[in-house]
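Input: a single structure, listed below in structure tokens.
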Amino acid sequence: MPPMVNLAIGSASGRCRFFIRQKSSVFAPPLTEAEKIQSLAKRGGPLDALFDDIRTLIAMVRDYASGAYREIPFGTIAAIVGALLYVLSPIDLIPDFIPGVGFIDDAAVVATCLRLVAYDIQKYRETKTNA
């Protein structure tokens, strides 16, 4: 993996561990900011598949937090929460306000997370389809 991606994953992982240690809900930040993430994931563009995956990640965290779906390994949930926290964080490797390139690091973190948890996403979608 490129060094920047490793750094981004390490940063998101550290934030995830911080929330766990704070004894606050690990799921609260991404769930309270879910509308913000979903507003960024508008339909109709060339990135529809990515945005559908982001919506699925949010749904997975929401269902895990509510207890509606617990067939997800905690490592998968930690990776998803870490990626969502990184996307929401104002502190990035490449600041989001830089036109054209500001979201490259966010996209890299989300893409890496999607690759890491692809099997669990597929299993979640199959379970939801069959329910």
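Chain labels run A, B, ... following the order of the structure tokens; each chain numbers its residues from 1, and ligands are numbered from 1 in the order shown.
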
inquiry  = Can you pull out the residues contacting Ile77 (chain A)? Cut-off 9 Å, using only C-alpha atoms, and skip same-chain residues under 6 positions away; I want them as a list of chain:residue names.
reply    = A:Leu57, A:Met60, A:Val61, A:Tyr64, A:Val117

key: 8 Å contact set for region 118-131 of chain A, only C-alpha atoms, chain neighbours under 2 positions out, as a ChimeraX atom specification   = /A:56-57,60,72,76,114-116

Could you write out that same residue set with N, CA and C atoms as an mmCIF file, in the first residue's frame?
data_model
loop_
_atom_site.group_PDB
_atom_site.id
_atom_site.type_symbol
_atom_site.label_atom_id
_atom_site.label_comp_id
_atom_site.auth_asym_id
_atom_site.auth_seq_id
_atom_site.Cartn_x
_atom_site.Cartn_y
_atom_site.Cartn_z
ATOM 1 N N THR A 56 -24.299 1.733 2.162
ATOM 2 C CA THR A 56 -24.314 0.395 2.768
ATOM 3 C C THR A 56 -23.457 0.377 4.028
ATOM 4 N N LEU A 57 -22.297 1.019 3.994
ATOM 5 C CA LEU A 57 -21.439 1.077 5.190
ATOM 6 C C LEU A 57 -22.171 1.744 6.345
ATOM 7 N N MET A 60 -24.749 -0.602 7.661
ATOM 8 C CA MET A 60 -24.137 -1.687 8.442
ATOM 9 C C MET A 60 -23.832 -1.224 9.859
ATOM 10 N N ILE A 72 -21.411 -9.365 11.815
ATOM 11 C CA ILE A 72 -20.256 -8.645 11.294
ATOM 12 C C ILE A 72 -19.137 -8.746 12.324
ATOM 13 N N THR A 76 -14.350 -5.550 11.207
ATOM 14 C CA THR A 76 -15.019 -4.935 10.059
ATOM 15 C C THR A 76 -15.708 -3.645 10.478
ATOM 16 N N LEU A 114 -13.402 -0.416 1.649
ATOM 17 C CA LEU A 114 -14.302 -1.253 0.852
ATOM 18 C C LEU A 114 -13.626 -2.544 0.417
ATOM 19 N N ARG A 115 -12.345 -2.459 0.058
ATOM 20 C CA ARG A 115 -11.614 -3.673 -0.316
ATOM 21 C C ARG A 115 -11.448 -4.601 0.881
ATOM 22 N N LEU A 116 -11.187 -4.018 2.050
ATOM 23 C CA LEU A 116 -10.970 -4.832 3.250
ATOM 24 C C LEU A 116 -12.240 -5.555 3.707
#

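Between CA of Ala49 (chain A) and CA of Pro99 (chain A) there is a distance of 22.8 Å.
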
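Restricting the calculation to only C-alpha atoms, the smallest distance between Asp53 (chain A) and any of A:Gly67, A:Ala111, A:Leu85, A:Ile91 is found for A:Ala111.
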